[in-house]
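Trainee: Got a file for you: final-v5.cif, mmCIF, C-alpha atoms.
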```cif
data_query
loop_
_atom_site.label_atom_id
_atom_site.label_comp_id
_atom_site.auth_asym_id
_atom_site.auth_seq_id
_atom_site.Cartn_x
_atom_site.Cartn_y
_atom_site.Cartn_z
CA MET A 1 124.95 100.76 120.41
CA HIS A 2 126.96 103.98 120.41
CA CYS A 3 123.96 106.03 121.45
CA PHE A 4 123.34 103.81 124.37
CA LYS A 5 125.80 105.45 126.71
CA LYS A 6 124.16 108.82 126.36
CA TYR A 7 120.74 107.28 126.48
CA CYS A 8 121.77 105.49 129.67
CA PHE A 9 122.81 108.76 131.09
CA VAL A 10 119.33 110.11 130.51
CA ILE A 11 117.90 107.14 132.28
CA SER A 12 120.30 107.68 135.11
CA VAL A 13 119.02 111.22 135.36
CA LEU A 14 115.50 109.91 135.46
CA LEU A 15 116.24 107.30 138.07
CA SER A 16 118.17 109.63 140.23
CA CYS A 17 115.38 112.18 140.10
CA VAL A 18 113.29 109.87 142.19
CA PHE A 19 115.86 110.29 144.91
CA LEU A 20 115.34 113.99 144.82
CA LEU A 21 113.05 114.00 147.74
CA GLY A 22 114.24 116.99 149.70
CA TRP A 23 112.04 120.05 149.73
CA ALA A 24 113.64 122.33 147.19
CA ASP A 25 114.33 125.68 148.78
CA SER A 26 117.96 125.62 147.76
CA TRP A 27 120.63 123.29 146.42
CA GLU A 28 121.90 122.97 149.96
CA SER A 29 118.52 121.73 151.28
CA ILE A 30 118.27 119.27 148.38
CA ARG A 31 121.72 117.92 149.20
CA LYS A 32 120.83 117.65 152.87
CA GLU A 33 117.52 115.87 152.32
CA SER A 34 118.85 113.56 149.61
CA ALA A 35 121.47 112.24 152.00
CA LYS A 36 118.67 110.83 154.17
CA ILE A 37 117.29 108.61 151.43
CA LYS A 38 118.19 104.94 151.88
CA SER A 39 115.48 103.33 149.78
CA VAL A 40 112.67 104.33 147.43
CA LYS A 41 109.83 102.44 145.79
CA ALA A 42 107.25 103.95 143.49
CA GLN A 43 104.84 103.31 140.62
CA PHE A 44 105.31 105.24 137.41
CA ILE A 45 103.36 106.04 134.26
CA GLN A 46 105.39 106.92 131.18
CA SER A 47 103.65 108.90 128.42
CA LYS A 48 105.42 109.34 125.12
CA HIS A 49 104.25 112.36 123.14
CA MET A 50 105.12 112.69 119.46
CA LYS A 51 103.60 114.27 116.39
CA ILE A 52 103.23 110.85 114.79
CA LEU A 53 100.99 109.73 117.66
CA ALA A 54 97.35 110.82 117.95
CA ARG A 55 97.51 110.23 121.69
CA PRO A 56 100.41 109.44 123.99
CA LEU A 57 101.93 106.00 124.07
CA VAL A 58 101.53 104.92 127.68
CA SER A 59 103.75 102.47 129.58
CA LYS A 60 103.41 101.55 133.24
CA GLY A 61 105.83 100.16 135.73
CA ARG A 62 107.47 100.05 139.12
CA PHE A 63 110.71 101.43 140.45
CA TYR A 64 112.88 100.36 143.40
CA PHE A 65 116.10 101.81 144.74
CA GLN A 66 118.28 100.74 147.62
CA ALA A 67 121.36 102.75 148.59
CA PRO A 68 124.08 102.78 147.57
CA ASP A 69 123.59 101.43 144.04
CA SER A 70 120.79 98.86 143.67
CA VAL A 71 118.02 99.61 141.19
CA ARG A 72 115.08 97.71 139.70
CA TRP A 73 113.32 99.56 136.86
CA GLU A 74 110.41 97.41 135.77
CA TYR A 75 107.85 97.85 133.01
CA VAL A 76 104.66 95.87 133.38
CA SER A 77 102.93 97.11 130.20
CA PRO A 78 102.78 97.17 127.23
CA VAL A 79 106.08 95.26 127.15
CA LYS A 80 107.32 93.50 130.27
CA SER A 81 110.93 94.46 130.87
CA ILE A 82 113.13 94.47 133.96
CA LEU A 83 116.39 96.33 134.41
CA LEU A 84 118.43 95.18 137.40
CA MET A 85 121.47 96.95 138.78
CA ASN A 86 123.41 95.88 141.82
CA GLY A 87 126.96 95.54 143.05
CA GLU A 88 127.56 92.70 140.55
CA GLY A 89 126.65 94.69 137.45
CA ILE A 90 123.65 95.25 135.29
CA ARG A 91 121.20 92.99 133.49
CA ARG A 92 118.08 93.49 131.47
CA TYR A 93 115.28 91.00 130.79
CA THR A 94 112.55 91.60 128.23
CA GLN A 95 109.49 89.58 127.29
CA GLY A 96 110.10 88.30 123.79
CA SER A 97 108.97 85.46 121.57
CA SER A 98 110.80 82.95 123.79
CA GLY A 99 109.60 84.35 127.12
CA LEU A 100 111.45 86.61 129.49
CA THR A 101 115.00 86.57 128.14
CA GLU A 102 118.17 88.35 129.09
CA ASP A 103 119.51 91.01 126.77
CA LYS A 104 122.80 89.52 125.55
CA SER A 105 123.76 92.38 123.29
CA GLY A 106 126.48 93.55 125.65
CA SER A 107 125.38 97.13 125.26
CA LEU A 108 124.20 97.20 128.85
CA GLN A 109 127.78 97.30 130.04
CA SER A 110 127.70 101.00 129.38
CA MET A 111 124.94 101.25 131.94
CA GLN A 112 127.71 101.05 134.50
CA VAL A 113 127.94 104.75 133.85
CA VAL A 114 124.59 105.01 135.55
CA LEU A 115 125.97 103.93 138.86
CA LYS A 116 128.47 106.74 138.91
CA GLU A 117 125.83 109.25 137.90
CA ILE A 118 123.36 108.01 140.44
CA GLY A 119 125.94 108.43 143.15
CA GLN A 120 126.44 112.03 142.14
CA TRP A 121 122.80 112.94 141.70
CA SER A 122 121.56 111.10 144.71
CA ASN A 123 123.82 113.32 146.77
CA GLY A 124 121.89 116.22 145.31
CA GLN A 125 124.87 117.43 143.31
CA PHE A 126 122.91 118.98 140.47
CA SER A 127 124.71 122.27 140.22
CA THR A 128 128.08 120.58 139.81
CA ASN A 129 127.04 117.99 137.21
CA GLU A 130 129.43 117.83 134.25
CA HIS A 131 126.73 116.99 131.65
CA PHE A 132 123.92 119.40 132.56
CA THR A 133 123.50 122.87 133.91
CA ALA A 134 120.69 122.99 136.45
CA VAL A 135 118.41 125.86 137.37
CA LEU A 136 116.23 125.68 140.45
CA LYS A 137 112.87 127.45 140.10
CA LYS A 138 111.22 128.04 143.44
CA GLY A 139 107.48 128.43 143.69
CA LYS A 140 104.28 126.57 144.45
CA GLU A 141 105.54 123.68 142.42
CA PRO A 142 109.33 123.83 142.60
CA MET A 143 111.06 122.81 139.38
CA ILE A 144 114.55 121.95 138.34
CA ILE A 145 115.34 122.67 134.70
CA MET A 146 118.37 120.94 133.29
CA THR A 147 120.02 121.86 130.01
CA PRO A 148 122.81 119.84 128.36
CA ARG A 149 126.27 121.39 128.45
CA GLU A 150 127.56 119.42 125.44
CA LYS A 151 126.41 119.99 121.85
CA GLY A 152 126.25 116.26 121.18
CA LEU A 153 123.91 115.60 124.07
CA ALA A 154 121.85 118.71 123.26
CA ALA A 155 121.15 117.24 119.82
CA MET A 156 119.36 114.39 121.55
CA ILE A 157 117.86 116.08 124.60
CA SER A 158 116.94 119.74 124.60
CA ARG A 159 116.04 119.91 128.30
CA ILE A 160 114.73 118.00 131.31
CA VAL A 161 112.14 119.45 133.66
CA ILE A 162 111.69 117.91 137.11
CA THR A 163 108.62 118.96 139.06
CA LEU A 164 108.30 118.41 142.79
CA SER A 165 104.96 117.88 144.47
CA SER A 166 103.36 121.03 145.83
CA ASP A 167 101.22 119.37 148.45
CA LYS A 168 103.61 116.65 149.56
CA PRO A 169 106.93 118.22 150.45
CA GLY A 170 109.75 115.87 149.64
CA VAL A 171 107.88 113.92 146.96
CA LEU A 172 108.65 114.00 143.26
CA LYS A 173 105.73 114.64 140.92
CA SER A 174 107.11 114.20 137.42
CA VAL A 175 110.06 114.24 135.05
CA LYS A 176 109.67 115.53 131.51
CA ILE A 177 112.41 114.82 128.99
CA PHE A 178 112.24 116.99 125.87
CA GLU A 179 114.02 115.56 122.84
CA ASN A 180 112.92 118.08 120.23
CA GLU A 181 109.86 120.12 119.27
CA GLY A 182 106.69 118.11 119.92
CA ASN A 183 108.64 115.10 121.14
CA TYR A 184 108.86 114.49 124.86
CA THR A 185 108.46 111.77 127.46
CA LEU A 186 106.64 112.40 130.71
CA PHE A 187 107.25 110.19 133.73
CA GLU A 188 104.73 110.61 136.52
CA PHE A 189 105.39 108.96 139.86
CA SER A 190 102.84 107.85 142.41
CA ASP A 191 102.69 105.89 145.63
CA VAL A 192 106.25 106.93 146.45
CA GLN A 193 107.50 105.23 149.60
CA VAL A 194 110.77 106.24 151.18
CA ASN A 195 113.09 104.30 153.49
CA GLU A 196 110.93 101.20 153.66
CA LYS A 197 112.45 97.74 153.63
CA ILE A 198 112.87 96.25 150.14
CA ALA A 199 113.72 92.56 149.67
CA GLU A 200 117.26 92.13 148.40
CA SER A 201 116.03 89.51 145.89
CA LEU A 202 114.16 92.24 143.97
CA PHE A 203 117.51 93.61 142.81
CA ARG A 204 118.82 90.16 141.92
CA ASP A 205 115.99 88.12 140.35
CA ALA A 206 113.81 88.95 137.36
CA MET B 207 147.23 83.52 105.16
CA MET B 208 146.34 82.55 108.70
CA ALA B 209 145.97 78.80 109.17
CA MET B 210 142.51 77.70 110.24
CA THR B 211 142.06 75.59 113.33
CA PRO B 212 139.68 72.59 113.02
CA THR B 213 137.03 74.53 115.01
CA LEU B 214 137.36 77.53 112.75
CA ARG B 215 137.20 75.31 109.68
CA TYR B 216 134.06 73.62 111.00
CA GLY B 217 132.45 76.96 111.82
CA PHE B 218 133.33 78.32 108.40
CA THR B 219 131.88 75.25 106.68
CA VAL B 220 128.64 75.49 108.66
CA LEU B 221 128.39 79.19 107.85
CA MET B 222 128.97 78.56 104.16
CA MET B 223 126.42 75.75 104.12
CA ALA B 224 123.88 77.94 105.91
CA SER B 225 124.36 80.81 103.50
CA PHE B 226 124.19 78.35 100.58
CA LEU B 227 120.89 76.97 101.89
CA PHE B 228 119.46 80.46 102.22
CA SER B 229 120.70 81.53 98.83
CA CYS B 230 119.16 78.38 97.34
CA SER B 231 115.75 79.32 98.65
CA ARG B 232 114.05 79.03 95.27
CA LEU B 233 110.84 80.56 94.06
CA PRO B 234 107.82 78.39 94.82
CA ALA B 235 106.08 76.79 91.87
CA ILE B 236 102.78 78.40 90.92
CA LYS B 237 99.75 76.56 89.60
CA PRO B 238 98.44 79.30 87.29
CA ALA B 239 94.86 80.46 87.65
CA ASP B 240 92.58 80.83 84.64
CA PRO B 241 91.94 84.43 83.59
CA VAL B 242 88.46 84.47 85.13
CA ALA B 243 89.66 83.34 88.57
CA ALA B 244 92.79 85.52 88.41
CA ALA B 245 90.96 88.76 89.13
CA ALA B 246 89.56 87.38 92.40
CA LEU B 247 92.97 86.04 93.40
CA ILE B 248 94.66 89.37 92.69
CA ALA B 249 92.10 91.00 94.98
CA GLN B 250 93.04 88.49 97.68
CA CYS B 251 96.71 89.38 97.24
CA GLY B 252 95.79 92.92 98.29
CA ARG B 253 94.75 91.68 101.72
CA PRO B 254 98.09 92.38 103.48
CA TYR B 255 97.99 96.05 102.57
CA PRO B 256 95.95 98.79 104.25
CA SER B 257 93.65 100.59 101.78
CA VAL B 258 93.37 103.70 103.95
CA PRO B 259 95.93 105.55 106.10
CA TYR B 260 96.83 103.59 109.22
CA ARG B 261 98.93 104.00 112.34
CA PHE B 262 100.52 100.92 113.90
CA VAL B 263 102.39 100.59 117.19
CA HIS B 264 104.50 97.45 117.70
CA ALA B 265 106.89 96.01 120.22
CA ILE B 266 109.81 94.93 118.02
CA GLU B 267 112.24 92.23 119.05
CA VAL B 268 115.42 92.71 117.01
CA ILE B 269 117.55 89.58 116.66
CA LEU B 270 121.02 90.12 115.25
CA PRO B 271 123.55 87.62 113.91
CA GLY B 272 125.00 85.62 116.76
CA GLY B 273 121.71 85.68 118.64
CA SER B 274 122.04 89.00 120.45
CA SER B 275 118.70 90.70 120.77
CA GLY B 276 116.92 93.75 122.09
CA THR B 277 113.41 95.12 122.14
CA LEU B 278 112.26 98.46 120.77
CA MET B 279 108.95 100.20 120.25
CA GLY B 280 107.99 101.09 116.69
CA VAL B 281 105.37 103.50 115.39
CA THR B 282 104.48 103.31 111.70
CA LEU B 283 102.29 105.63 109.72
CA VAL B 284 101.15 104.25 106.37
CA ASP B 285 99.49 106.32 103.66
CA PRO B 286 98.66 103.97 100.77
CA ARG B 287 97.22 106.76 98.62
CA ALA B 288 100.51 108.67 98.61
CA ALA B 289 102.57 105.45 98.77
CA ALA B 290 104.28 107.02 101.77
CA VAL B 291 105.41 105.65 105.13
CA GLN B 292 106.85 107.17 108.30
CA SER B 293 108.67 105.02 110.80
CA VAL B 294 109.78 105.86 114.33
CA MET B 295 111.84 103.53 116.50
CA MET B 296 112.35 104.20 120.17
CA THR B 297 113.63 102.49 123.27
CA LEU B 298 111.15 101.19 125.82
CA GLU B 299 111.92 104.33 127.82
CA GLY B 300 110.68 106.46 124.93
CA PHE B 301 114.02 107.68 123.64
CA VAL B 302 113.69 108.12 119.85
CA LEU B 303 116.49 106.44 117.93
CA PHE B 304 115.17 106.85 114.40
CA ASP B 305 112.46 108.91 112.72
CA GLY B 306 112.34 108.62 108.96
CA THR B 307 109.86 109.05 106.13
CA TYR B 308 109.62 107.69 102.62
CA ASP B 309 107.51 109.92 100.40
CA LYS B 310 108.97 109.54 96.91
CA LYS B 311 112.35 109.89 98.59
CA VAL B 312 113.93 109.13 101.95
CA ARG B 313 113.90 111.86 104.59
CA VAL B 314 115.42 111.40 108.04
CA ASP B 315 114.20 113.69 110.82
CA ARG B 316 116.16 112.09 113.62
CA ALA B 317 118.76 109.37 113.74
CA VAL B 318 120.94 108.60 116.71
CA PRO B 319 124.20 106.65 116.15
CA PRO B 320 124.44 103.88 114.99
CA PHE B 321 121.10 104.44 113.24
CA ASP B 322 122.39 107.54 111.45
CA LYS B 323 123.94 105.78 108.46
CA PRO B 324 122.17 106.60 105.16
CA GLU B 325 122.08 102.88 104.29
CA PHE B 326 120.21 102.12 107.48
CA ALA B 327 117.45 104.63 106.69
CA LYS B 328 117.16 103.37 103.12
CA ASN B 329 116.95 99.70 104.12
CA MET B 330 114.71 100.30 107.09
CA LEU B 331 112.15 102.28 105.08
CA SER B 332 112.40 99.75 102.26
CA ASP B 333 111.42 97.00 104.74
CA VAL B 334 108.50 99.08 106.00
CA ARG B 335 107.28 99.71 102.45
CA LEU B 336 107.60 96.02 101.63
CA MET B 337 105.43 95.25 104.64
CA TYR B 338 102.68 97.83 104.15
CA LEU B 339 102.57 99.18 100.59
CA ALA B 340 101.21 97.04 97.77
CA PRO B 341 103.64 96.47 94.89
CA GLU B 342 103.21 98.71 91.89
CA GLY B 343 101.64 97.32 88.72
CA ARG B 344 99.98 94.02 88.01
CA PRO B 345 101.40 90.63 88.92
CA VAL B 346 103.09 88.70 86.12
CA ASN B 347 101.84 85.41 87.49
CA VAL B 348 98.81 84.58 89.64
CA GLY B 349 97.69 81.24 90.96
CA THR B 350 97.90 78.89 93.90
CA LEU B 351 100.60 76.92 95.67
CA LYS B 352 100.55 73.21 96.46
CA ASP B 353 98.84 73.86 99.79
CA GLY B 354 96.10 75.98 98.19
CA ALA B 355 97.52 79.35 99.25
CA VAL B 356 96.95 82.21 96.80
CA ILE B 357 100.09 83.68 95.25
CA CYS B 358 100.74 86.77 93.14
CA ARG B 359 104.19 87.23 91.64
CA TYR B 360 105.47 90.68 90.74
CA MET B 361 108.65 91.45 88.84
CA GLY B 362 110.86 94.48 88.56
CA THR B 363 109.21 96.49 91.32
CA ARG B 364 111.00 96.96 94.64
CA TYR B 365 112.68 93.58 94.39
CA PRO B 366 113.43 91.91 91.06
CA VAL B 367 110.94 89.23 92.13
CA MET B 368 108.31 89.66 94.81
CA ASP B 369 105.75 87.09 95.95
CA VAL B 370 102.63 87.90 97.92
CA ILE B 371 101.13 84.73 99.39
CA VAL B 372 97.80 84.63 101.24
CA HIS B 373 97.14 81.42 103.14
CA ARG B 374 93.79 79.80 103.68
CA ASN B 375 93.85 80.57 107.42
CA GLY B 376 94.08 84.29 106.68
CA SER B 377 97.80 84.67 107.43
CA TRP B 378 100.11 85.92 104.70
CA GLU B 379 103.69 86.09 103.51
CA ILE B 380 105.59 88.64 101.44
CA ASP B 381 108.89 87.50 99.93
CA GLY B 382 111.51 89.52 98.10
CA TYR B 383 114.05 87.81 95.82
CA SER B 384 117.15 88.95 93.98
CA GLU B 385 117.61 88.64 90.21
CA GLY B 386 119.27 85.31 90.88
CA GLU B 387 116.09 84.27 92.71
CA GLU B 388 117.80 84.25 96.09
CA ALA B 389 115.54 85.06 99.01
CA LYS B 390 116.39 88.53 100.39
CA ARG B 391 113.39 89.27 102.61
CA ARG B 392 110.69 87.09 104.05
CA ILE B 393 107.78 88.63 105.95
CA LYS B 394 105.30 86.36 107.70
CA ALA B 395 102.13 87.76 109.24
CA GLY B 396 99.99 85.66 111.56
CA SER B 397 97.22 85.84 114.18
CA VAL B 398 95.19 88.04 111.84
CA LYS B 399 92.20 89.72 113.50
CA ASN B 400 89.93 92.07 111.58
CA GLY B 401 92.47 92.11 108.79
CA ILE B 402 95.33 93.21 111.05
CA PRO B 403 98.11 90.76 111.99
CA GLU B 404 99.00 90.65 115.68
CA ALA B 405 102.36 89.05 114.93
CA VAL B 406 104.73 89.81 112.08
CA GLU B 407 108.19 88.39 111.48
CA LEU B 408 110.65 89.85 109.00
CA LYS B 409 113.80 87.97 108.09
CA ALA B 410 116.58 89.63 106.12
CA TYR B 411 118.91 87.22 104.34
CA GLU B 412 121.96 89.41 103.92
CA ALA B 413 125.59 88.91 104.86
CA TRP B 414 124.57 90.47 108.19
CA GLY B 415 121.02 89.18 108.26
CA TYR B 416 118.59 90.06 111.00
CA THR B 417 115.16 89.11 112.22
CA LEU B 418 112.43 91.44 113.47
CA ARG B 419 109.60 89.94 115.50
CA MET B 420 106.81 92.45 115.84
CA ARG B 421 103.93 92.23 118.29
CA LEU B 422 101.01 94.55 117.67
CA ILE B 423 100.25 97.04 120.45
CA SER B 424 97.66 99.10 118.57
CA ALA B 425 96.34 99.77 115.07
CA GLU B 426 94.04 102.58 114.05
CA THR B 427 92.94 104.38 110.93
CA VAL B 428 94.20 107.92 110.44
CA ASN B 429 91.94 110.74 109.26
#
```
Produce structure tokens that represent the structure in this file.
Mentor:
Amino acid sequence: MHCFKKYCFVISVLLSCVFLLGWADSWESIRKESAKIKSVKAQFIQSKHMKILARPLVSKGRFYFQAPDSVRWEYVSPVKSILLMNGEGIRRYTQGSSGLTEDKSGSLQSMQVVLKEIGQWSNGQFSTNEHFTAVLKKGKEPMIIMTPREKGLAAMISRIVITLSSDKPGVLKSVKIFENEGNYTLFEFSDVQVNEKIAESLFRDA
Amino acid sequence: MMAMTPTLRYGFTVLMMASFLFSCSRLPAIKPADPVAAAALIAQCGRPYPSVPYRFVHAIEVILPGGSSGTLMGVTLVDPRAAAVQSVMMTLEGFVLFDGTYDKKVRVDRAVPPFDKPEFAKNMLSDVRLMYLAPEGRPVNVGTLKDGAVICRYMGTRYPVMDVIVHRNGSWEIDGYSEGEEAKRRIKAGSVKNGIPEAVELKAYEAWGYTLRMRLISAETVN
């Protein structure tokens, strides 16, 4: 899929946002705090909002990250799906009519892009990102607002808003990806645990 | 012309035989119903189609030629009174790939490459209409099949020939054929609960045929 590369980039943004655990006084403090993150695990709730839907379409899942580049992005409902990234590459398994099967479409190869992006974002390098401009809004609930630099990407994503927790410094609250008017996806994270041991097999086995 | 290796020749033969078998998928024979019974059977043939506006959410497993597959989420809005449908396809992460409507004509509100080809929108919405909107007009033939299933045959609507088959167990099938009576689309709906199928399979018998396996997430009427 041609769109997949750009879509993957969005996902990379999303994933990397979870690493954004430094208290956001300045880009420098974000960079400093992000460097301390070695592992992250969290639960997430994804709510898709669209005009065609009377109420949001809700998906739930779990997220794991281990520095430098291992990720497990797992949906538990309504469709079980597991995305695994590690030093050996990337794989995706989805529950289908013949059980949990690997996506053989080959399109996931472009997810390699994610690894590069994650490296950049996990170092807190928002202000120097080549795809988005980033504005840091300080306040009770600090926010980072990202706007696409390229026209092509802007046609798919109008902006991304990352909100950091007000009562738990260093913890991400949500990521909101706006596609167009009335169409956005909200990811809310909970039970975020930082720098705890994560079994290596989680990044290898579905 | 490039010479064919034995493996290539074998593969080509198998492919040709497979496409021949599909193209030879003939219309099933109908045991015609008498005029009195026909009205009741025609009513049964309306069972696959919602009579009021509905919203469906499905997990859709897309299987492409060669066996590659992927899973998407689909939201479909059906308005039988206006004979209109809206279809949205998105990734599991919620990224919208396609948002199109058929309401007397095709309108695309969002289409991300490679879903931005006009042919894709036309075919996609045609499949959705085949699945959810009853064919126009009266059937030209009504009756039963060998196994007792009810069948209504329509001609010259969306497909030159279109069969709606309702089985005794409540499941149903909608088949579209070409003028040469070759199967073009086959929709099978099963695990029907309260009139709504929990599983639907659509097979497209084209040069680049595909299969959609849809699992119902939610269904609700729309006010």
Trainee: Report the distance between CA of Lys51 in chain A and CA of Asn329 in chain B in Å, rounded to one decimal place.
Mentor: 23.3 Å
Trainee: Mind running chain B against chain A at 9 Å and telling me each contacting residue's nearest atom pair with the distance in Å (one decimal), counting all atoms listed in the file, chain and number ascending, as CSV?
Mentor:
```
residue,atom,partner,partner_atom,distance
B:Arg261,CA,A:Leu53,CA,8.1
B:Val263,CA,A:Leu57,CA,8.8
B:Ala265,CA,A:Val79,CA,7.0
B:Ile266,CA,A:Gly96,CA,8.8
B:Glu267,CA,A:Gly96,CA,6.5
B:Leu270,CA,A:Ser105,CA,8.8
B:Gly273,CA,A:Lys104,CA,8.0
B:Ser274,CA,A:Ser105,CA,4.7
B:Ser275,CA,A:Ser105,CA,5.9
B:Gly276,CA,A:Asp103,CA,6.0
B:Thr277,CA,A:Thr94,CA,7.1
B:Met279,CA,A:Val79,CA,9.0
B:Val281,CA,A:Ile52,CA,7.7
B:Thr282,CA,A:Ile52,CA,8.2
B:Leu283,CA,A:Ile52,CA,7.3
B:Gln292,CA,A:Ile52,CA,8.3
B:Ser293,CA,A:Ile52,CA,8.9
B:Val294,CA,A:Ile52,CA,8.2
B:Leu298,CA,A:Val79,CA,7.9
B:Glu299,CA,A:Gln46,CA,7.8
B:Gly300,CA,A:Lys48,CA,6.0
B:Phe301,CA,A:Tyr7,CA,7.3
B:Val302,CA,A:Glu179,CA,8.0
B:Leu303,CA,A:Cys3,CA,8.3
B:Arg316,CA,A:Met156,CA,8.9
B:Val318,CA,A:Cys3,CA,6.2
B:Pro319,CA,A:Cys3,CA,5.3
B:Pro320,CA,A:His2,CA,6.0
B:Phe321,CA,A:Cys3,CA,8.8
B:Arg419,CA,A:Ser97,CA,7.6
B:Ile423,CA,A:Pro78,CA,7.2
B:Val428,CA,A:Ala54,CA,8.6
```
Trainee: To one decimal place in Å, what is the distance between CA of Lys390 in chain B and CA of Ala289 in chain B?
Mentor: 21.9 Å
Trainee: Translate the PyMOL selection byres ((chain B and resi 413-418) around 6) into a concrete residue list for this structure, as number ranges by chain.
Mentor: B: 267-270, 407-412, 419
Trainee: Quick one: distance from CA of Val192 in chain A to CA of Asn129 in chain A in Å, one decimal?
Mentor: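 That distance, rounded to one decimal, is 25.3 Å.
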Trainee: Running the PyMOL selection byres ((chain B and resi 384) around 10) on this model by hand, what would come out? Give it as a ChimeraX atom specification.
Mentor: /B:229,362,365-368,382-383,385-391
Trainee: Could you check the closest approach to Phe65 in chain A for each of A:Met146, A:Ile82, A:Ile37, A:Ile30 and tell me which residue wins, using only C-alpha atoms?
Mentor: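 Counting only C-alpha atoms, the residue closest to Phe65 in chain A is A:Ile37.
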Trainee: Please list as a PDB file with C-alpha atoms, keeping the file's coordinate frame every residue within 12 Å of range 244-246 of chain B, counting only C-alpha atoms and excluding residues in the same chain fewer than 4 positions away.
Mentor:
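selection32.pdb, freshly written:
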```
ATOM      1  CA  LYS B 237      99.750  76.560  89.600  1.00  0.00           C
ATOM      2  CA  PRO B 238      98.440  79.300  87.290  1.00  0.00           C
ATOM      3  CA  ALA B 239      94.860  80.460  87.650  1.00  0.00           C
ATOM      4  CA  ASP B 240      92.580  80.830  84.640  1.00  0.00           C
ATOM      5  CA  GLN B 250      93.040  88.490  97.680  1.00  0.00           C
ATOM      6  CA  CYS B 251      96.710  89.380  97.240  1.00  0.00           C
ATOM      7  CA  GLY B 252      95.790  92.920  98.290  1.00  0.00           C
ATOM      8  CA  ARG B 253      94.750  91.680 101.720  1.00  0.00           C
ATOM      9  CA  ARG B 344      99.980  94.020  88.010  1.00  0.00           C
ATOM     10  CA  PRO B 345     101.400  90.630  88.920  1.00  0.00           C
ATOM     11  CA  VAL B 346     103.090  88.700  86.120  1.00  0.00           C
ATOM     12  CA  ASN B 347     101.840  85.410  87.490  1.00  0.00           C
ATOM     13  CA  VAL B 348      98.810  84.580  89.640  1.00  0.00           C
ATOM     14  CA  GLY B 349      97.690  81.240  90.960  1.00  0.00           C
ATOM     15  CA  THR B 350      97.900  78.890  93.900  1.00  0.00           C
ATOM     16  CA  VAL B 356      96.950  82.210  96.800  1.00  0.00           C
ATOM     17  CA  ILE B 357     100.090  83.680  95.250  1.00  0.00           C
ATOM     18  CA  CYS B 358     100.740  86.770  93.140  1.00  0.00           C
ATOM     19  CA  ARG B 359     104.190  87.230  91.640  1.00  0.00           C
TER      20      ARG B 359
END
```
Trainee: The PyMOL selection byres ((chain A and resi 132) around 6) - which residues does that actually catch in the file I just gave you? List them as a list of chain:residue names.
Mentor: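 With the PyMOL selection byres ((chain A and resi 132) around 6) on this model, the match is A:Asn129, A:Glu130, A:His131, A:Thr133, A:Met146, A:Thr147, A:Pro148, A:Arg149.
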Trainee: Given all atoms listed in the file as the basis, pick out the residue of B:Ala235, B:His264, B:His373, B:Val284 nearest to Leu422 in chain B.
Mentor: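 When distances to Leu422 in chain B are compared using all atoms listed in the file, the smallest one comes from B:His264.
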Trainee: Please identify all polymer residues within 12 Å of Ile402 in chain B, counting all atoms listed in the file, omitting same-chain residues fewer than 2 positions from it, and present them as a list in words.
Mentor: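 Residues near the query, excluding close chain neighbours: Arg253, Pro254, Tyr255, Pro256, Ser257, Tyr260, Arg261, Phe262, Val263, Tyr338, Gly376, Ser377, Trp378, Ala395, Gly396, Ser397, Val398, Lys399, Asn400, Glu404, Ala405, Val406, Arg421, Leu422, Ile423, Ser424, Ala425, Glu426 and Thr427 of chain B.
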Trainee: Identify which of the residues B:Pro241, B:Lys323, B:Pro403, B:Asp381 lies closest to Pro341 in chain B, counting only C-alpha atoms when measuring atom-to-atom distances.
Mentor: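 Looking at the shortest contact to Pro341 in chain B, the residue is B:Asp381.
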